[in-house]
Amino acid sequence: MTHKTIRVGGLSRVEGEGSLFIQARQGRITDVQLNIYEPPRFFEALLRGRAYTEPPDITARICGICPVAYQMSACQALESICDVTVDGPLRDLRLLLYYGEWIESHALHIYLLHAPDFLGYPSGVAMAADHRDLVERGLALKKAGNELVAAVGGRAIHPINVRVGGFYRAPSKRELTPVAERLRRARDAAVATVRWVAGFDFPDIEHDYRFLALTHPGEYAILSGDVATSDGLRFPIADWPSHVVEEHLPHSTALHARLDGVAGYLTGPLARYALNSPQLSGLTRQAAAEIGFGPICRNPYQSIIVRALETLHACDEALRLIDDYIEPDRPFVPAEPRAGIGHGASEAPRGTLYHRYRLDAEGLIAEADIVPPTAQNQARIEDDLRALAEPRLALPTAELAALCERAVRNHDPCISCSAHFLDLHIHHD
Amino acid sequence: MSVPKLAVWKLASCDGCQLTLLDCEDELLSVAAKVEIAYFLEASSFKGRGPYDLSLIEGSVTTEEDLHRVQHIRRVSKHVVTIGACATAGGIQALRNFADVREFISVVYARPDYIATLEHSTPVSAHVAVDFELRGCPIDKRQLLEVLSAFLAGRRPVIPEESVCVECKERGNPCVMVAHGTPCLGPVTQAGCGALCPAFNRGCFGCFGPLRSANAATLAGLPGVTRTFSDFQEAR
């Protein structure tokens with residue numbers, strides 16, 4: 001057998017629809033395609049002609065798992081055009097909302113999508129048959145995140161309380177108190193999660209990743225910051241278009257991003273951790289030290305540890321923000337539109353999410369451009385697959401296909417964002 | 001009685017409505033004990049074969065392939081329930097229905113020739129018979145649990161079909177239109193969200209779709225409302 005093709009149709013435990021196709025000839029991989037067959041929904045086109053006040057509600061609909069990320073990147077881009085700065089207690093409220101999203105999204109991935117790979121179950125629900133207490137702990141953690149999003153944003157999926165300039169209504173201290181109660185238990189669950197996942201059996205695989213994440217002087221970047229890479233590049237968000245170029249490949253309804261002409265960089269938890277880990281909360285750094293976890297992790301399987309640490313950080317920081325919370329004088333800063341171009345980026349649970357808008361003088365959107373994390377990671381995920389599959393071509397196809405699907409899941413791709421499921425086709429001709 | 005088989009399918013959508021099932025943190029394991037989750041790609045690598053007793057479909061039909069998929073889903077499912085605005089009404093991506101989709105493709109993609117899509121985004125009911133349509137963008141998790149309970153018990157789901165105004169009064173919200181002239185779709189929108197937006201000082205923007213018995217003409221004809229909406233249009 002000199003030719004081999006592996007196909008996985010309908011990748012599971014990922015968000016959205018995609019497939020995988022790998023072709024090998026004479027023991028060498030000749031083609032790897034992470035196919036994204038999520039039907040295109042044309043958000044950037046349908047935003048045109050709509051008011052500058054609409055992107056927070058419309059772009060939230062790109063992703064049911066990380067709507068807050070879309071709202072935050074959109075607001076930031078639009079506020080920069082309106083020359084409005086949202087700071088103080090309003091910025092803290094945004095952070096609080098965003099930490100809620102990190103907690104729910106990470107808990108979903110850790111417990112229901114990723115951990116079953118390490119423990120050998122097809123799903124989190126199946127895992128619950130033998131490990132009910134663990135799955136219940138994960139669900140409680142996820143619920144704490146959802147309740148935080150709902151307390152600040154109105155509901156867990158597609159929050160309604162976010163507007164350009166701030167919020168429609170600021171929650172009262174009394175509304176946040178019960179959330180804090182649950183978050184205190186969630187923080188304990190997050191500590192236990194870090195210890196639990198650290199004990200998993202990890203394949204000894206590392207990749208020489210080029211990482212990209214936001215970085216911020218005052219915090220482990222989530223809401224805003226400059227773009228930084230592990231090879232020393234640093235630039236403000238406004239320079240994004242001159243560094244990151246998207247290209248369109250035939251097998252995908254997502255666009256692939258290239259950084260300064262080179263494809264294959266990685267954004268997401270591993271990148272954030274590598275670039276910003278000294279800024280994690282004290283409790284989080286302590287938990288990392290306790291499990292002997294270094295400042296940079298290049299093993300994609302261990303991204304589950306980084307997600308657990310980030311979940312702990314999010315619980316810890318959210319609790320601090322609730323303790324310090326004083327209701328703002330007004331729920332939003334008035335933002336009047338003007339003609340111009342604005343850029344915004346924030347750290348979605350899966351990585352850097354960039355938005356750019358051009359407004360006309362009436363505040364109508366003339367152009368919109370959105371670069372989601374999975375579009376940036378697609379090329380790098382394909383590189384991971386190539387490196388994984390090439391030395392293992394002798395394995396039975398089904399076994400190799402399962403390994404490849406797992407390698408994709410390490411990066412928690414959100415295909416809904418990019419454009420639907422992954423289908424793995426490993427093509428051995 | 002054998003355990004009923006549940007399947008969850010995704011078409012063009014954001015994942016939020018199927019996520020709502022996973023967001024039933026307190027009920028998920030009890031639901032899983034009552035049904036066999038036979039096909040649910042987002043949650044499980046196990047792909048059980050049909051026929052299925054209940055299929056939940058998220059997302060709208062926007063591609064030739066999905067058109068065939070909904071026909072397949074109907075053939076292998078005893079009951080088909082759409083979950084959410086996309087599967088029930090076409091979703092936000094149905095904004096293309098009022099535009100030229102080829103022009104949309106050329107705006108977003110460098111190589112329009114790589115993109116295969118239908119001209120319109122359509123609800124599942126436009127193509128196959130649907131047993132129940134659950135509304136919302138996203139759906140409400142209590143309503144989802146009611147739909148699952150009803151189908152397990154072999155009865156019709158009890159989902160209120162009144163307007164958001166009813167929920168607003170129940171919640172004790174001041175009317176945002178009367179109190180501060182904020183345009184609100186509440187009077188013509190089906191309840192389900194708990195009158196969320198008015199509770200946050202903003203007008204309803206219609207996540208649960210048009211009320212079956214909506215008196216839109218009268219709403220549009222009220223002098224104050226017409227003015228509010230036309231000012232709103234101008235302000236845009």
# chains A, B, ... in the order shown; residues from 1 in each chain; ligands from 1
>>> closest_atom_pairs(of="chain A", to="chain B", cutoff="7 Å", atoms="only C-alpha atoms", output="CSV")
residue,atom,partner,partner_atom,distance
A:Ser12,CA,B:Leu41,CA,4.6
A:Arg13,CA,B:Glu42,CA,4.4
A:Val14,CA,B:Glu42,CA,5.5
A:Glu15,CA,B:Glu42,CA,5.9
A:Gly16,CA,B:Asp15,CA,6.7
A:Glu38,CA,B:Ala12,CA,6.8
A:Pro39,CA,B:Ala12,CA,5.5
A:Arg41,CA,B:Gln93,CA,5.4
A:Phe42,CA,B:Phe104,CA,6.5
A:Glu44,CA,B:Val108,CA,6.4
A:Ala45,CA,B:Phe104,CA,5.3
A:Leu46,CA,B:Leu95,CA,6.6
A:Ala51,CA,B:Arg236,CA,5.5
A:Arg61,CA,B:Cys14,CA,6.1
A:Ile62,CA,B:Cys14,CA,5.4
A:Cys63,CA,B:Cys14,CA,4.5
A:Gly64,CA,B:Gly16,CA,3.7
A:Ile65,CA,B:Gly16,CA,6.3
A:Leu112,CA,B:Ala43,CA,6.8
A:Leu113,CA,B:Ala43,CA,6.5
A:Pro122,CA,B:Ser45,CA,4.9
A:Ser123,CA,B:Ser44,CA,4.4
A:Val125,CA,B:Leu29,CA,6.8
A:Leu139,CA,B:Glu25,CA,5.3
A:Ala140,CA,B:Glu25,CA,6.8
A:Lys143,CA,B:Glu25,CA,6.3
A:Gly154,CA,B:Leu196,CA,6.7
A:Ile157,CA,B:Gly16,CA,6.5
A:His158,CA,B:Pro138,CA,6.9
A:Ile160,CA,B:Cys197,CA,6.6
A:Asn161,CA,B:Phe200,CA,6.6
A:Tyr168,CA,B:Phe200,CA,5.9
A:Arg169,CA,B:Phe200,CA,5.4
A:His248,CA,B:Ala110,CA,6.0
A:Pro250,CA,B:Tyr114,CA,5.4
A:Thr253,CA,B:Ile115,CA,6.9
A:Ser416,CA,B:Cys14,CA,5.4
A:His420,CA,B:Ala12,CA,6.9
>>> residues_around(residues="stretch 337-344 of chain A", least_positions_apart="4", cutoff="7 Å", atoms="only C-alpha atoms", output="PyMOL selection string")
chain A and resi 73-74+76-78+80-82+237-238+354-363
>>> closest_residue(among="B:Gly194, B:Tyr39, B:Thr122, B:Cys86", to="B:Gln143", atoms="only C-alpha atoms")
B:Gly194
>>> residues_around(residues="B:Arg155", least_positions_apart="4", cutoff="12 Å", atoms="only C-alpha atoms", output="ChimeraX atom specification")
/B:79,131-132,146-151
>>> write_last_selection(atoms="all heavy atoms", output="short mmCIF file (atom, residue, chain, number, x, y, z; two decimals), in the first residue's frame")
data_model
loop_
_atom_site.label_atom_id
_atom_site.label_comp_id
_atom_site.auth_asym_id
_atom_site.auth_seq_id
_atom_site.Cartn_x
_atom_site.Cartn_y
_atom_site.Cartn_z
N HIS B 79 -40.79 12.08 14.72
CA HIS B 79 -41.21 13.47 14.93
C HIS B 79 -40.05 14.40 14.60
O HIS B 79 -38.91 14.12 14.96
CB HIS B 79 -41.61 13.71 16.38
CG HIS B 79 -42.76 12.88 16.84
ND1 HIS B 79 -44.05 13.08 16.38
CD2 HIS B 79 -42.83 11.83 17.68
CE1 HIS B 79 -44.86 12.20 16.94
NE2 HIS B 79 -44.14 11.42 17.73
N ASP B 131 -43.35 18.75 12.91
CA ASP B 131 -44.36 18.45 13.93
C ASP B 131 -44.54 19.55 14.95
O ASP B 131 -45.61 19.72 15.50
CB ASP B 131 -44.01 17.13 14.63
CG ASP B 131 -43.99 16.00 13.62
OD1 ASP B 131 -45.07 15.57 13.20
OD2 ASP B 131 -42.88 15.57 13.21
N PHE B 132 -43.46 20.30 15.22
CA PHE B 132 -43.58 21.43 16.13
C PHE B 132 -42.44 22.39 15.85
O PHE B 132 -41.33 21.97 15.57
CB PHE B 132 -43.57 20.98 17.60
CG PHE B 132 -43.96 22.08 18.55
CD1 PHE B 132 -45.30 22.38 18.75
CD2 PHE B 132 -42.99 22.84 19.20
CE1 PHE B 132 -45.67 23.43 19.59
CE2 PHE B 132 -43.35 23.88 20.04
CZ PHE B 132 -44.70 24.17 20.24
N GLU B 146 -39.89 21.60 28.05
CA GLU B 146 -41.33 21.33 27.89
C GLU B 146 -41.57 20.53 26.59
O GLU B 146 -42.33 19.56 26.58
CB GLU B 146 -42.11 22.64 27.89
CG GLU B 146 -43.53 22.59 27.33
CD GLU B 146 -44.47 21.64 28.05
OE1 GLU B 146 -44.16 21.20 29.16
OE2 GLU B 146 -45.53 21.31 27.45
N VAL B 147 -40.88 20.91 25.53
CA VAL B 147 -41.05 20.20 24.25
C VAL B 147 -40.56 18.76 24.39
O VAL B 147 -41.24 17.82 23.97
CB VAL B 147 -40.27 20.93 23.13
CG1 VAL B 147 -40.11 20.04 21.91
CG2 VAL B 147 -40.98 22.21 22.75
N LEU B 148 -39.42 18.56 25.03
CA LEU B 148 -38.89 17.20 25.21
C LEU B 148 -39.85 16.38 26.08
O LEU B 148 -40.18 15.23 25.74
CB LEU B 148 -37.50 17.23 25.86
CG LEU B 148 -36.38 17.80 24.98
CD1 LEU B 148 -35.08 17.94 25.78
CD2 LEU B 148 -36.12 16.91 23.76
N SER B 149 -40.33 16.98 27.18
CA SER B 149 -41.25 16.25 28.08
C SER B 149 -42.53 15.88 27.33
O SER B 149 -43.04 14.77 27.46
CB SER B 149 -41.65 17.12 29.28
OG SER B 149 -40.51 17.65 29.88
N ALA B 150 -43.04 16.84 26.54
CA ALA B 150 -44.29 16.60 25.82
C ALA B 150 -44.14 15.45 24.83
O ALA B 150 -44.99 14.56 24.77
CB ALA B 150 -44.73 17.87 25.10
N PHE B 151 -43.04 15.45 24.07
CA PHE B 151 -42.88 14.38 23.08
C PHE B 151 -42.64 13.03 23.75
O PHE B 151 -43.11 12.01 23.26
CB PHE B 151 -41.81 14.75 22.04
CG PHE B 151 -42.38 15.61 20.96
CD1 PHE B 151 -42.36 17.00 21.07
CD2 PHE B 151 -43.01 15.05 19.85
CE1 PHE B 151 -42.94 17.80 20.10
CE2 PHE B 151 -43.59 15.85 18.88
CZ PHE B 151 -43.57 17.23 19.00
#
>>> residues_around(residues="A:Ile326", least_positions_apart="3", cutoff="9 Å", atoms="only C-alpha atoms", output="NGL selection string")
:A and (89 or 172-173 or 322-323)
>>> residues_around(residues="A:Asp87", least_positions_apart="6", cutoff="10 Å", atoms="only C-alpha atoms", output="ChimeraX atom specification")
/A:93-94,165-166,333
>>> select_by_dssp(residues="stretch 134-338 of chain A", states="alpha helix (DSSP H)", output="JSON, numbers by chain")
{"A": [134, 135, 136, 137, 138, 139, 140, 141, 142, 143, 144, 145, 146, 147, 148, 149, 150, 151, 152, 153, 173, 174, 175, 176, 177, 178, 179, 180, 181, 182, 183, 184, 185, 186, 187, 188, 189, 190, 191, 192, 193, 194, 195, 196, 197, 198, 240, 241, 242, 243, 269, 270, 271, 272, 273, 274, 275, 276, 282, 283, 284, 285, 286, 287, 288, 289, 290, 303, 304, 305, 306, 307, 308, 309, 310, 311, 312, 313, 314, 315, 316, 317, 318, 319, 320, 321, 322, 323, 324]}
>>> residues_around(residues="A:Ala198", least_positions_apart="6", cutoff="9 Å", atoms="only C-alpha atoms", output="mmCIF file with C-alpha atoms, in the first residue's frame")
data_model
loop_
_atom_site.group_PDB
_atom_site.id
_atom_site.type_symbol
_atom_site.label_atom_id
_atom_site.label_comp_id
_atom_site.auth_asym_id
_atom_site.auth_seq_id
_atom_site.Cartn_x
_atom_site.Cartn_y
_atom_site.Cartn_z
ATOM 1 C CA ILE A 291 0.963 20.896 39.267
ATOM 2 C CA PHE A 293 3.160 23.537 34.905
ATOM 3 C CA GLN A 302 -2.370 20.033 27.385
ATOM 4 C CA ILE A 304 -7.073 21.392 28.551
ATOM 5 C CA ILE A 305 -4.809 22.358 31.465
#
>>> residues_around(residues="B:Tyr52", least_positions_apart="4", cutoff="9 Å", atoms="only C-alpha atoms", output="list in words")
Pro4, Lys5, Leu6, Ala7, Ala38, Tyr39, Ile73, Val76, Ser77, Lys78 and His79 of chain B
>>> atom_distance(atom1="atom CA of A:Val244", atom2="atom CA of A:His256")
9.9 Å
>>> closest_residue(among="A:Asp239, A:Glu347, A:Glu327, A:Glu382", to="A:Gln71", atoms="only C-alpha atoms")
A:Glu347
>>> atom_distance(atom1="atom CA of A:Tyr70", atom2="atom CA of A:Pro56")
6.9 Å
>>> select_by_dssp(residues="stretch 3-81 of chain A", states="strand (DSSP E)", output="ChimeraX atom specification")
/A:3-9,18-25,28-36
>>> atom_distance(atom1="atom CA of A:Glu147", atom2="atom CA of B:Glu27")
15.5 Å
>>> closest_residue(among="B:Thr182, B:Glu64, B:Leu152, B:Ala217", to="B:Val31", atoms="only C-alpha atoms")
B:Leu152
>>> closest_residue(among="A:Glu175, A:Glu399, A:Asp260, A:Glu390", to="A:Tyr325", atoms="only C-alpha atoms")
A:Glu175
